[in-house]
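Chemist: I have a structure I would like to understand better, so I am pasting it below and will then ask my questions one at a time.
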Amino acid sequence: MAKYLGVRGRVHGAGVLVCDDDMVEPLPLRLDLARHSPDGFEWGCAGSGAAQLALAILAHHTRNGDRALGLHQRFKAEIVANLPRQGWALADTDIMAWLETQQ
């Protein structure tokens, strides 16, 4: 089961890691799908960095760019904007539960 971790550093600002079993890697921005925030991710707000994060999480989780594009603004408003600014963890099961409500 994958988990997404939002972390803040003094030097690099906000970043998101994807953790799956023994693998840890940075979440790609997915600027190929939309360029909301070329400078990076943000959360705990409803701005462009939060939109980029919502898109990146959904694209990674669903492996479907078109579906991610169709849902990311709603995911931003309902989930990403409410994540704690200091850091957070979001499990695959949390994302799946949210996706099931989006018919």
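In the structure tokens, each chain is lettered A, B, ... as it comes, each chain's residues begin at 1, and ligands are numbered from 1 in order of appearance.
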Could you pull out the strand (DSSP E) residues of chain A, going by DSSP on the backbone, and write them as a list in words?

Modeler: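 Taking chain A and keeping strand (DSSP E) gives Ala2, Lys3, Tyr4, Leu5, Gly6, Val7, Arg8, Gly9, Gly13, Ala14, Gly15, Val16, Leu17, Val18, Cys19, Asp20, Met23, Val24, Glu25, Pro26, Trp88, Ala89, Leu90 and Ala91 of chain A.
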
Chemist: Within 6 Å of stretch 84-90 of chain A, counting only C-alpha atoms, which residues qualify if same-chain residues fewer than 5 places away don't, as JSON, numbers by chain?

Modeler: {"A": [3, 4, 5, 6, 7, 44]}

Chemist: Would you mind writing down, as a PyMOL selection string, each residue of chain A that DSSP on the backbone assigns to alpha helix (DSSP H)?

Modeler: chain A and resi 48-62+65-78+92-100

Chemist: Which residue is closest to A:Ala81? Choose from A:Ala97, A:Leu17, A:Ala54, A:Leu31 and count only C-alpha atoms.

Modeler: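 Result for the nearest residue to A:Ala81: A:Ala54.
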
Chemist: What's the 7 Å shell around A:Ala46, counting only C-alpha atoms, without same-chain residues fewer than 2 positions away, as a list of chain:residue names?

Modeler: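 Result of the neighbour search: A:Ala50, A:Lys76, A:Ala77, A:Ala81.
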
Chemist: Would you mind listing what lies within 10 Å of A:Ile95 as a short mmCIF file (atom, residue, chain, number, x, y, z; two decimals) with C-alpha atoms, in the first residue's frame, with only C-alpha atoms counted and same-chain residues fewer than 2 positions away left out?

Modeler:
```
data_model
loop_
_atom_site.label_atom_id
_atom_site.label_comp_id
_atom_site.auth_asym_id
_atom_site.auth_seq_id
_atom_site.Cartn_x
_atom_site.Cartn_y
_atom_site.Cartn_z
CA LYS A 3 1.43 6.42 1.23
CA ILE A 57 -1.45 12.66 -6.44
CA LEU A 58 -4.46 11.64 -8.52
CA HIS A 61 -2.67 6.98 -7.79
CA THR A 62 -5.05 6.33 -10.73
CA PHE A 75 -9.76 16.88 -4.77
CA ILE A 79 -8.68 17.17 0.54
CA LEU A 90 -2.30 10.30 2.97
CA ALA A 91 -2.77 6.57 2.35
CA ASP A 92 -3.93 4.92 -0.88
CA THR A 93 -7.03 3.79 0.98
CA ALA A 97 -12.41 6.13 -0.49
CA TRP A 98 -12.60 9.69 -1.87
CA LEU A 99 -12.62 8.45 -5.48
CA GLU A 100 -15.55 6.13 -4.72
#
```

Chemist: Given only C-alpha atoms as the basis, pick out the residue of A:Ser48, A:Asp39, A:Ala56, A:Gly65 nearest to A:Pro26.

Modeler: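 Ranking A:Ser48, A:Asp39, A:Ala56, A:Gly65 by distance to A:Pro26, first place goes to A:Ala56.
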
Chemist: Between A:Gln73, A:Val24, A:Thr101, A:Gly15, which has the minimum distance to A:Gly47 (counting only C-alpha atoms)?

Modeler: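 Checking each candidate against A:Gly47, we get A:Gln73 as the closest.
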
Chemist: Which distance in Å separates atom CA of A:Phe41 and atom CA of A:Gln103, to one decimal?

Modeler: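 It comes out at 26.7 Å.
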
Chemist: When you draw a straight line from atom CA of A:Leu27 to atom CA of A:Arg63, how long is it in Å?

Modeler: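 Straight-line distance from atom CA of A:Leu27 to atom CA of A:Arg63 works out to 12.9 Å.
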
Chemist: Mind pulling up the distance from atom CA of A:His60 to atom CA of A:Met23?

Modeler: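 Between these atoms lies a distance of 14.7 Å.
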
Chemist: Closest to A:His36 among A:Asp21, A:Ala2, A:Ala68, A:Gln52, using only C-alpha atoms?

Modeler: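 The shortest atom-to-atom distance to A:His36 comes from A:Gln52.
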